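Asks: Dropping in query05.txt, which is compact mmCIF, C-alpha atoms:
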# COMPACT_ATOMS: atom_id res chain seq x y z
CA MET A 1 138.30 91.07 133.84
CA MET A 2 140.50 90.28 136.95
CA GLN A 3 143.74 90.45 134.93
CA GLN A 4 142.74 93.84 133.56
CA ILE A 5 141.96 95.16 137.06
CA LEU A 6 145.34 93.87 138.42
CA ARG A 7 147.20 95.27 135.43
CA ASP A 8 145.64 98.75 135.82
CA LEU A 9 145.19 98.56 139.64
CA TYR A 10 141.81 100.27 139.01
CA ILE A 11 138.17 99.16 139.11
CA ASP A 12 135.11 100.99 137.84
CA PRO A 13 133.06 102.45 140.75
CA GLU A 14 129.79 101.17 139.24
CA LEU A 15 131.19 97.64 139.04
CA LEU A 16 132.59 97.94 142.59
CA THR A 17 129.13 98.83 143.95
CA GLU A 18 127.65 95.63 142.50
CA LEU A 19 130.19 93.39 144.39
CA ASN A 20 129.40 91.96 147.81
CA ASP A 21 131.69 92.25 150.81
CA GLU A 22 133.49 88.96 150.26
CA GLN A 23 134.21 89.80 146.64
CA LYS A 24 135.49 93.23 147.65
CA GLN A 25 137.85 91.70 150.25
CA ILE A 26 139.24 89.22 147.74
CA LEU A 27 139.77 91.98 145.21
CA PHE A 28 141.57 94.09 147.85
CA TYR A 29 143.96 91.22 148.70
CA LYS A 30 144.75 90.60 145.05
CA MET A 31 145.49 94.26 144.37
CA ARG A 32 147.70 94.50 147.52
CA GLU A 33 149.66 91.40 146.55
CA GLU A 34 150.19 92.80 143.05
CA GLN A 35 151.58 95.99 144.58
CA LEU A 36 154.05 93.98 146.74
CA ARG A 37 155.13 91.91 143.76
CA ARG A 38 155.86 95.00 141.72
CA TRP A 39 157.78 96.56 144.64
CA ARG A 40 160.00 93.47 145.04
CA GLU A 41 160.73 93.35 141.31
CA ARG A 42 161.69 96.98 141.33
CA GLU A 43 163.99 96.42 144.34
CA ARG A 44 165.75 93.50 142.64
CA GLU A 45 166.23 95.52 139.46
CA GLU A 46 167.68 98.44 141.42
CA SER A 47 170.10 96.21 143.44
CA GLY A 48 171.37 94.46 140.30
CA THR A 49 171.96 97.81 138.65
CA GLU A 50 173.96 98.99 141.69
CA ARG A 51 176.25 95.90 141.59
CA VAL A 52 176.92 96.35 137.91
CA ARG A 53 177.71 100.01 138.46
CA ARG A 54 180.22 99.19 141.26
CA GLY A 55 181.97 96.42 139.31
CA GLY A 56 182.60 98.65 136.38
CA SER A 57 184.13 101.53 138.36
CA GLY A 58 187.73 100.15 138.21
CA LYS A 59 188.39 100.23 142.01
CA ALA A 60 190.49 97.50 143.78
CA VAL A 61 189.96 95.80 147.15
CA ARG A 62 192.36 96.77 149.90
CA TRP A 63 192.53 94.60 152.98
CA LEU A 64 192.30 96.15 156.41
CA GLN A 65 195.55 95.78 158.37
CA GLY A 66 196.06 95.56 162.07
CA HIS A 67 198.58 97.22 164.47
CA ASP A 68 201.16 94.64 163.59
CA GLY A 69 200.92 95.44 159.93
CA GLU A 70 199.26 92.14 159.05
CA VAL A 71 195.80 91.64 157.57
CA TRP A 72 193.30 92.11 160.31
CA VAL A 73 191.37 88.90 160.97
CA TRP A 74 188.17 88.58 163.01
CA VAL A 75 187.08 85.29 164.40
CA MET A 76 183.33 85.28 164.90
CA GLY A 77 182.48 84.87 168.58
CA ASN A 78 185.99 85.52 169.93
CA ALA A 79 186.04 89.29 169.61
CA PRO A 80 184.75 91.43 172.45
CA GLY A 81 181.04 92.11 172.17
CA ASP A 82 180.39 89.28 169.68
CA ARG A 83 177.46 86.95 170.15
CA PRO A 84 178.06 83.29 170.62
CA TYR A 85 178.11 80.96 167.61
CA GLU A 86 175.15 78.95 168.87
CA GLN A 87 173.05 82.07 169.08
CA ILE A 88 174.05 83.11 165.57
CA ALA A 89 173.28 79.60 164.25
CA GLU A 90 169.93 79.60 166.01
CA GLU A 91 169.08 82.93 164.47
CA LEU A 92 170.09 81.65 161.04
CA MET A 93 167.88 78.56 161.44
CA ALA A 94 165.02 80.74 162.66
CA GLU A 95 165.46 82.95 159.59
CA ARG A 96 165.55 79.89 157.32
CA ALA A 97 162.41 78.51 158.95
CA ARG A 98 160.68 81.87 158.59
CA ARG A 99 161.51 82.00 154.89
CA GLN A 100 160.31 78.43 154.39
CA ALA A 101 157.09 79.22 156.16
CA GLN A 102 156.73 82.32 154.00
CA LEU A 103 157.20 80.25 150.82
CA GLU A 104 154.61 77.73 151.99
CA ALA A 105 152.25 80.55 152.86
CA GLN A 106 152.73 81.99 149.39
CA GLU A 107 151.95 78.61 147.81
CA LEU A 108 148.86 78.29 149.96
CA TRP A 109 147.79 81.78 149.00
CA ARG A 110 148.19 80.99 145.29
CA GLU A 111 145.83 78.06 145.71
CA LYS A 112 143.42 80.22 147.67
CA GLU A 113 143.76 82.91 145.04
CA ALA A 114 142.87 80.48 142.24
CA GLU A 115 139.82 79.38 144.21
CA ILE A 116 138.80 82.98 144.84
CA GLU A 117 139.37 83.86 141.18
CA GLN A 118 137.21 80.94 140.04
CA LYS A 119 134.49 81.95 142.46
CA PHE A 120 134.73 85.57 141.36
CA ARG A 121 134.58 84.57 137.67
CA ALA A 122 131.48 82.45 138.30
CA ALA A 123 129.83 85.32 140.20
CA MET A 124 130.66 87.74 137.38
CA ALA A 125 129.25 85.34 134.76
CA LYS A 126 126.10 84.88 136.80
CA GLU A 127 125.69 88.63 137.20
CA LYS A 128 126.27 89.18 133.49
CA ALA A 129 123.68 86.52 132.63
CA ARG A 130 121.21 88.18 134.98
CA CYS A 131 121.79 91.59 133.31
CA VAL A 132 121.38 90.06 129.84
CA ALA A 133 118.16 88.32 130.87
CA GLU A 134 116.73 91.54 132.31
CA ARG A 135 117.71 93.47 129.19
CA TRP A 136 116.11 90.80 126.98
CA ARG A 137 112.90 90.95 129.01
CA GLU A 138 112.82 94.74 128.68
CA GLU A 139 113.42 94.57 124.90
CA THR A 140 110.70 91.92 124.53
CA LYS A 141 108.28 94.09 126.47
CA ILE A 142 109.12 97.11 124.31
CA GLN A 143 108.64 95.08 121.09
CA GLU A 144 105.26 93.79 122.28
CA ASP A 145 104.19 97.34 123.14
CA LEU A 146 105.25 98.61 119.70
CA ARG A 147 103.47 95.72 117.98
CA ARG A 148 100.28 96.46 119.92
CA ARG A 149 100.46 100.15 119.01
CA GLU A 150 101.02 99.28 115.33
CA GLU A 151 97.95 97.00 115.35
CA GLN A 152 95.83 99.73 116.94
CA GLU A 153 97.04 102.30 114.38
CA ARG A 154 96.28 99.90 111.51
CA LYS A 155 92.74 99.32 112.83
CA ARG A 156 92.16 103.09 113.10
CA GLY A 157 93.43 103.57 109.52
CA GLU A 158 91.12 100.84 108.19
CA GLU A 159 88.18 102.37 110.04
CA GLU A 160 88.91 105.83 108.57
CA ILE A 161 89.17 104.39 105.05
CA ARG A 162 85.90 102.50 105.49
CA ARG A 163 84.13 105.67 106.68
CA ALA A 164 85.57 107.67 103.77
CA GLU A 165 84.37 104.98 101.34
CA GLU A 166 80.85 105.04 102.80
CA ARG A 167 80.78 108.84 102.69
CA ARG A 168 81.94 108.83 99.05
CA ALA A 169 79.29 106.21 98.17
CA ARG A 170 76.56 108.39 99.70
CA GLU A 171 77.80 111.43 97.78
CA LEU A 172 77.85 109.53 94.49
CA TYR A 173 74.37 108.13 95.16
CA ILE A 174 73.00 111.63 95.82
CA SER A 175 74.71 112.94 92.67
CA LEU A 176 73.31 110.14 90.50
CA THR A 177 69.85 110.65 91.98
CA GLN A 178 69.98 114.37 91.18
CA ASP A 179 71.19 113.60 87.64
CA ARG A 180 68.31 111.18 87.12
CA GLN A 181 65.77 113.75 88.34
CA GLU A 182 67.33 116.36 86.05
CA SER A 183 67.14 113.95 83.12
CA GLU A 184 63.44 113.29 83.83
CA ARG A 185 62.78 117.03 83.96
CA GLU A 186 64.59 117.49 80.63
CA GLU A 187 62.48 114.72 79.09
CA GLY A 188 59.32 116.49 80.32
CA GLU A 189 60.43 119.75 78.74
CA ASP A 190 61.28 117.94 75.49
CA LYS A 191 57.76 116.42 75.41
CA GLU A 192 56.22 119.86 75.90
CA TRP A 193 58.34 121.21 73.06
CA GLN A 194 57.12 118.38 70.78
CA GLU A 195 53.52 119.33 71.55
CA GLN A 196 54.22 122.97 70.71
CA LEU A 197 55.88 121.86 67.47
CA LEU A 198 52.79 119.87 66.47
CA ARG A 199 50.56 122.89 67.20
CA SER A 200 52.88 125.08 65.11
CA LYS A 201 52.70 122.62 62.22
CA ALA A 202 48.89 122.58 62.40
CA ALA A 203 48.76 126.40 62.35
CA ASP A 204 51.12 126.51 59.38
CA GLU A 205 48.98 124.01 57.45
CA ASP A 206 45.92 126.16 58.16
CA MET A 207 47.70 129.27 56.81
CA LYS A 208 48.76 127.37 53.67
CA HIS A 209 45.13 126.26 53.14
CA LYS A 210 43.92 129.90 53.46
CA ALA A 211 46.59 131.02 50.98
CA ARG A 212 45.43 128.42 48.42
CA LEU A 213 41.84 129.59 48.84
CA ALA A 214 42.91 133.23 48.37
CA ARG A 215 44.79 132.35 45.15
CA ALA A 216 41.82 130.41 43.82
CA GLU A 217 39.47 133.33 44.61
CA TYR A 218 41.84 135.75 42.91
CA GLN A 219 41.89 133.68 39.73
CA ARG A 220 38.12 133.30 39.73
CA GLN A 221 37.55 137.04 40.19
CA SER A 222 40.08 137.85 37.47
CA LEU A 223 38.39 135.58 34.96
CA ARG A 224 34.98 137.06 35.83
CA ALA A 225 36.26 140.62 35.40
CA ILE A 226 37.76 139.78 31.99
CA GLU A 227 34.54 138.15 30.86
CA ARG A 228 32.43 141.14 31.82
CA GLY A 229 34.96 143.71 30.55
CA ARG A 230 34.84 145.72 33.69
CA VAL A 231 38.30 147.09 33.97
CA ALA A 232 37.57 149.28 36.96
CA GLY A 233 36.02 146.44 38.89
CA LEU A 234 38.97 144.27 37.95
CA SER A 235 41.38 146.87 39.31
CA GLY A 236 39.51 147.12 42.61
CA LEU A 237 39.36 143.38 42.90
CA PHE A 238 43.08 143.19 42.13
CA GLN A 239 43.88 145.61 44.94
CA GLN A 240 41.75 143.61 47.36
CA THR A 241 43.42 140.33 46.47
CA GLN A 242 46.84 142.05 46.68
CA LEU A 243 46.04 142.97 50.25
CA ASN A 244 45.08 139.36 50.92
CA GLY A 245 48.47 138.25 49.51
CA THR A 246 50.31 140.66 51.85
CA GLY A 247 48.48 139.10 54.79
CA GLN A 248 49.61 135.76 53.51
CA ASN A 249 53.28 136.84 53.67
CA ARG A 250 52.72 138.02 57.21
CA ARG A 251 51.14 134.77 58.36
CA HIS A 252 53.73 134.22 61.07
CA SER A 253 52.70 137.39 62.85
CA THR A 254 49.14 136.11 63.17
CA CYS A 255 50.07 132.66 64.42
CA PRO A 256 48.60 131.64 67.74
CA VAL A 257 50.79 132.49 70.71
CA THR A 258 50.99 130.26 73.77
CA ARG A 259 52.17 131.28 77.21
CA ASP A 260 53.79 128.93 79.74
CA PRO A 261 52.75 130.08 83.25
CA SER A 262 55.41 127.90 84.96
CA THR A 263 58.42 129.38 83.09
CA HIS A 264 56.94 132.84 82.22
CA THR A 265 57.90 132.44 78.54
CA VAL A 266 55.96 133.21 75.36
CA SER A 267 56.42 130.67 72.55
CA THR A 268 55.53 131.02 68.87
CA PRO A 269 55.37 128.19 66.33
CA LEU A 270 58.16 127.84 63.78
CA PRO A 271 57.69 128.52 60.05
CA LEU A 272 57.18 125.59 57.79
CA ALA A 273 60.63 125.98 56.24
CA ASP A 274 62.23 125.74 59.67
CA ILE A 275 60.12 122.74 60.65
CA GLN A 276 61.09 120.80 57.54
CA GLY A 277 64.72 120.88 58.64
CA PRO A 278 67.88 122.34 57.09
CA GLY A 279 68.40 121.97 53.40
CA PRO A 280 71.34 122.83 51.16
CA GLY A 281 72.84 126.10 52.32
CA ARG A 282 70.24 126.42 55.10
CA ALA A 283 71.29 126.92 58.75
CA THR A 284 70.15 124.54 61.45
CA PRO A 285 67.01 125.95 63.15
CA ASN A 286 66.60 126.54 66.86
CA ARG A 287 64.25 124.28 68.71
CA ARG A 288 62.29 127.11 70.39
CA HIS A 289 61.86 130.85 69.94
CA SER A 290 60.86 132.37 73.26
CA THR A 291 60.90 135.64 75.11
CA SER A 292 61.05 136.21 78.82
CA ALA A 293 59.18 139.10 80.47
CA GLY A 294 58.26 140.53 77.05
CA LEU A 295 61.87 140.77 75.69
CA PRO A 296 62.54 139.74 72.07
CA ALA A 297 64.03 136.30 71.57
CA ALA A 298 67.64 135.83 70.35
CA ASP A 299 68.10 134.54 66.80
CA SER A 300 70.53 131.69 67.72
CA PRO A 301 71.03 131.11 71.47
CA THR A 302 74.18 129.28 72.65
CA TRP A 303 73.71 125.58 73.35
CA SER A 304 73.74 124.91 77.11
CA ARG A 305 75.01 121.46 78.02
CA PRO A 306 72.73 119.65 80.52
CA PRO A 307 74.19 117.75 83.49
CA ARG A 308 73.79 114.42 81.66
CA PRO A 309 73.19 113.41 78.03
CA ALA A 310 69.48 113.49 77.22
CA SER A 311 69.67 111.69 73.88
CA ARG A 312 72.08 110.40 71.27
CA LEU A 313 71.76 113.68 69.34
CA SER A 314 73.04 115.61 72.35
CA VAL A 315 76.01 113.21 72.58
CA LEU A 316 76.81 113.76 68.89
CA ARG A 317 76.60 117.53 69.29
CA TRP A 318 78.80 117.46 72.40
CA PHE A 319 81.46 115.37 70.67
CA ARG A 320 81.53 117.50 67.54
CA GLU A 321 81.56 120.88 69.30
CA GLU A 322 83.76 120.10 72.34
CA GLN A 323 85.80 116.93 71.72
CA LEU A 324 86.82 117.19 68.07
CA PRO A 325 88.77 120.44 68.72
CA LYS A 326 90.66 118.50 71.42
CA ARG A 327 91.47 115.69 68.92
CA ALA A 328 89.66 113.12 71.04
CA GLY A 329 89.85 109.66 69.45
CA PHE A 330 92.83 110.52 67.23
CA GLU A 331 96.39 109.34 67.49
CA ARG A 332 98.82 111.66 69.23
CA ASN A 333 100.93 112.84 66.28
CA SER A 334 98.73 112.16 63.23
CA ASP A 335 95.25 112.71 61.85
CA GLN A 336 94.46 108.98 61.89
CA ILE A 337 91.76 107.68 64.21
CA ALA A 338 93.35 105.68 67.01
CA PRO A 339 92.89 101.86 66.75
CA TRP A 340 91.52 101.74 70.31
CA PHE A 341 88.71 104.28 69.56
CA HIS A 342 85.41 102.69 68.41
CA GLY A 343 82.97 105.61 68.59
CA ILE A 344 79.43 105.04 69.87
CA ILE A 345 78.85 101.32 70.47
CA SER A 346 76.96 99.46 73.16
CA ARG A 347 78.37 97.51 76.09
CA GLN A 348 77.38 94.19 74.47
CA GLU A 349 79.14 95.12 71.22
CA SER A 350 82.34 96.06 73.06
CA GLU A 351 82.36 92.75 74.94
CA SER A 352 81.73 90.88 71.67
CA LEU A 353 84.76 92.61 70.09
CA LEU A 354 86.97 91.78 73.08
CA MET A 355 85.71 88.20 73.42
CA ASN A 356 88.50 86.60 71.37
CA SER A 357 91.23 89.08 72.42
CA LEU A 358 94.09 88.42 74.82
CA GLU A 359 94.03 89.46 78.47
CA GLY A 360 94.93 93.16 78.76
CA SER A 361 93.25 94.16 75.47
CA PHE A 362 91.05 97.25 75.59
CA LEU A 363 88.96 99.71 73.57
CA VAL A 364 87.43 103.15 74.20
CA ARG A 365 83.84 104.04 73.31
CA VAL A 366 81.73 107.18 73.77
CA SER A 367 79.48 106.95 76.81
CA GLU A 368 75.77 107.79 76.56
CA ARG A 369 75.41 108.04 80.35
CA ILE A 370 77.90 110.82 81.17
CA TRP A 371 79.84 113.46 79.28
CA GLY A 372 82.84 111.26 78.66
CA TYR A 373 83.92 107.81 77.57
CA THR A 374 83.97 104.18 78.68
CA LEU A 375 87.15 102.05 78.66
CA SER A 376 86.30 98.36 78.18
CA TYR A 377 89.03 96.01 79.45
CA ARG A 378 89.51 92.26 78.81
CA GLN A 379 90.29 90.20 81.92
CA GLN A 380 91.13 86.54 82.21
CA SER A 381 87.74 85.79 83.74
CA GLY A 382 85.57 88.44 82.06
CA PHE A 383 85.39 92.15 81.32
CA LYS A 384 85.65 95.45 83.19
CA HIS A 385 84.27 98.85 82.17
CA PHE A 386 85.75 102.13 83.51
CA LEU A 387 84.07 105.53 83.07
CA ILE A 388 86.33 108.40 81.88
CA ASP A 389 85.16 111.88 82.90
CA ALA A 390 85.59 114.48 80.12
CA SER A 391 83.14 117.12 81.36
CA GLY A 392 85.95 119.56 82.29
CA ASP A 393 89.23 120.61 80.74
CA TYR A 394 90.93 117.29 81.52
CA TYR A 395 90.43 113.52 81.26
CA SER A 396 90.44 111.22 84.30
CA PHE A 397 88.79 108.03 85.51
CA LEU A 398 85.55 108.72 87.34
CA GLY A 399 86.07 108.11 91.05
CA VAL A 400 89.04 108.79 93.37
CA ASP A 401 91.70 108.76 90.62
CA GLN A 402 93.85 111.91 91.01
CA ASN A 403 95.66 111.56 87.66
CA ARG A 404 94.46 114.20 85.19
CA HIS A 405 95.50 114.34 81.56
CA ALA A 406 95.21 117.03 78.90
CA THR A 407 94.10 114.67 76.11
CA LEU A 408 92.45 111.28 75.83
CA ALA A 409 95.56 109.87 74.14
CA ASP A 410 97.68 111.01 77.11
CA LEU A 411 95.44 109.05 79.52
CA ILE A 412 95.70 105.88 77.41
CA ASP A 413 99.50 106.15 77.04
CA PHE A 414 99.92 106.81 80.77
CA HIS A 415 98.00 103.69 81.81
CA LYS A 416 99.98 101.56 79.41
CA GLU A 417 102.87 102.13 81.84
CA GLU A 418 100.98 102.59 85.14
CA VAL A 419 98.21 100.40 86.58
CA ILE A 420 94.64 101.69 86.92
CA THR A 421 94.33 102.63 90.62
CA LEU A 422 90.52 102.17 90.67
CA SER A 423 90.78 98.43 89.92
CA GLY A 424 92.83 95.48 91.04
CA GLY A 425 95.99 96.65 89.25
CA GLU A 426 95.15 96.32 85.53
CA ARG A 427 97.56 97.76 82.96
CA LEU A 428 96.58 98.52 79.36
CA GLN A 429 98.52 96.33 76.95
CA GLU A 430 97.07 95.95 73.44
CA ALA A 431 94.40 98.02 71.69
CA CYS A 432 91.51 96.09 70.15
CA GLY A 433 91.66 97.09 66.47
CA GLN A 434 88.99 94.62 65.38
CA ARG A 435 85.81 96.35 64.18
CA LYS A 436 82.44 94.73 63.67
CA GLY A 437 81.20 95.15 60.12
CA CYS A 438 81.33 98.67 58.63
CA ASN A 439 81.90 100.82 61.69
CA ASP A 440 81.01 104.47 61.04
CA TYR A 441 81.87 105.36 64.68
CA GLY A 442 78.19 106.05 65.39
CA GLY A 443 78.09 109.05 63.04
CA LEU A 444 80.62 111.08 65.07
CA PHE A 445 82.74 112.14 62.10
CA GLN A 446 79.96 112.72 59.53
Can you present the structure in this file as structure tokens?

Replies:
Amino acid sequence: MMQQILRDLYIDPELLTELNDEQKQILFYKMREEQLRRWREREREESGTERVRRGGSGKAVRWLQGHDGEVWVWVMGNAPGDRPYEQIAEELMAERARRQAQLEAQELWREKEAEIEQKFRAAMAKEKARCVAERWREETKIQEDLRRREEQERKRGEEEIRRAEERRARELYISLTQDRQESEREEGEDKEWQEQLLRSKAADEDMKHKARLARAEYQRQSLRAIERGRVAGLSGLFQQTQLNGTGQNRRHSTCPVTRDPSTHTVSTPLPLADIQGPGPGRATPNRRHSTSAGLPAADSPTWSRPPRPASRLSVLRWFREEQLPKRAGFERNSDQIAPWFHGIISRQESESLLMNSLEGSFLVRVSERIWGYTLSYRQQSGFKHFLIDASGDYYSFLGVDQNRHATLADLIDFHKEEVITLSGGERLQEACGQRKGCNDYGGLFQ
């Protein structure tokens, strides 16, 4: 640092302000001495250049001559106005002593300069160490502050996630409670419909009994009229029995009618042919013919899907009417049923099929709890079951999974590459193609 300052004869003002008075004085002496040294070197260079220039000019020396024509000679001390020799010698000795003293002073100054330089270097090193220590303390303080802020931010994030999880759990609990209440209400309505069906069957049996009695009476009256030969009486009796037969054909119009005061609907019992179920070439009957506010009932109302499956029949109907057009359960590019699809089986059956499979094996079965499916997964220590929501126009895992897929096969292929975000990081590996006995897929494809 000192050599650079002496070489440039310049010091930074900020560095100069940090020096004390003694250090400033030493620095001033060093810079002044460097200036003198440079001045002397420049003078010596200039004098040597002048001598060379004079020697190369080609001029000769010509001696000064006196009045007598001889070379003029001056004897020091004998000429008028000259100083005595002793005085000149004394002055020469004084000059020699002065130069010797100057050389000794210069040597002493070099030693003093080395001492000052060592002291200055030690002071600079100490000051630099102090600056480094202060900077390190400031950086350590900043790092501790940042670490504390990061910890606080992490705690706030964990608290927000915990609150969101609790809020989502409450929402799901309310939704499941509402679904259960809706299912109980649907079961109540189904029980009421069964009672109405039994009453309709009883009324139909009564009408059939009356028709048999009418036919027997008609035959008896016909035989009596033939025996007596009364043609006119036979004709009148025939007309009367014909009227009774017309009433028989209109037996459904005279069936008892029941009114439900809670729903404001009027229900009529079904004909016997409809109650017996569909035969060859016969359409599937509706469960209830009803009118609201006196309007005529529709012949075949559209099936309205309840919030949750009420029975296995409703699951079959949902799969056939909504999922088969979407090729659910089939392979992506063929009409073959996918090896991972097992139809309607229970949880115990799925675990029994996966019992001897490797970790990562899986199968998909139709759920009887929601409108969707259940993915059963084989772990190293047990099994996991994931619900797949298919109530809308897409397929996704029930929960906070944001991945939506157009088909069921797309969802399976996607999670063969990506882990299931709802779990601990499972990835689908091998489909369980083993089937227990003669699997008819629960009657889905019949």

Asks: Quick one: everything within 10 Å of Asp179 in chain A, counting only C-alpha atoms, minus sequence neighbours fewer than 6 positions away in the same chain. Send it as a PyMOL selection string.

Replies: chain A and resi 173+185+306-309+370

Asks: Record the distance separating CA of Arg365 in chain A and CA of Ile345 in chain A, expressed in Å with one decimal.

Replies: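 Spanning CA of Arg365 in chain A to CA of Ile345 in chain A is a straight-line distance of 6.4 Å.
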
Asks: Can you tell me how far CA of Ala114 in chain A sits from CA of Gln100 in chain A, in Å to one decimal?

Replies: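 About the pair CA of Ala114 in chain A and CA of Gln100 in chain A: they are 21.4 Å apart.
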
Asks: Smallest atom-to-atom distance to Lys112 in chain A: which of A:Ala89, A:Met355, A:Ala129, A:Ile26, using all atoms listed in the file?

Replies: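 Looking at the shortest contact to Lys112 in chain A, the residue is A:Ile26.
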
Asks: Can you tell me how far CA of Glu430 in chain A sits from CA of Phe341 in chain A, in Å to one decimal?

Replies: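 A separation of 12.4 Å between them.
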
Asks: Set up a box along x, y and z of the file covering all listed atoms of range 403-411 of chain A, add 3 Å on every one of the six sides, and write the centre and edge lengths in Å to one decimal, as JSON.

Replies:
{"center_x": 95.1, "center_y": 113.0, "center_z": 80.9, "size_x": 11.2, "size_y": 14.0, "size_z": 19.5}

Asks: Give me the residues within 12 Å of Glu331 in chain A as a PyMOL selection string, counting only C-alpha atoms and dropping any in the same chain fewer than 6 places off.

Replies: chain A and resi 337-341+407-410+412-413

Asks: Can you write out the residues you just picked, keeping C-alpha atoms, as a PDB file, in the frame of the given file?

Replies:
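Here's the written file part-v1.pdb:
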ATOM      1  CA  ILE A 337      91.760 107.680  64.210  1.00  0.00           C
ATOM      2  CA  ALA A 338      93.350 105.680  67.010  1.00  0.00           C
ATOM      3  CA  PRO A 339      92.890 101.860  66.750  1.00  0.00           C
ATOM      4  CA  TRP A 340      91.520 101.740  70.310  1.00  0.00           C
ATOM      5  CA  PHE A 341      88.710 104.280  69.560  1.00  0.00           C
ATOM      6  CA  THR A 407      94.100 114.670  76.110  1.00  0.00           C
ATOM      7  CA  LEU A 408      92.450 111.280  75.830  1.00  0.00           C
ATOM      8  CA  ALA A 409      95.560 109.870  74.140  1.00  0.00           C
ATOM      9  CA  ASP A 410      97.680 111.010  77.110  1.00  0.00           C
ATOM     10  CA  ILE A 412      95.700 105.880  77.410  1.00  0.00           C
ATOM     11  CA  ASP A 413      99.500 106.150  77.040  1.00  0.00           C
TER      12      ASP A 413
END
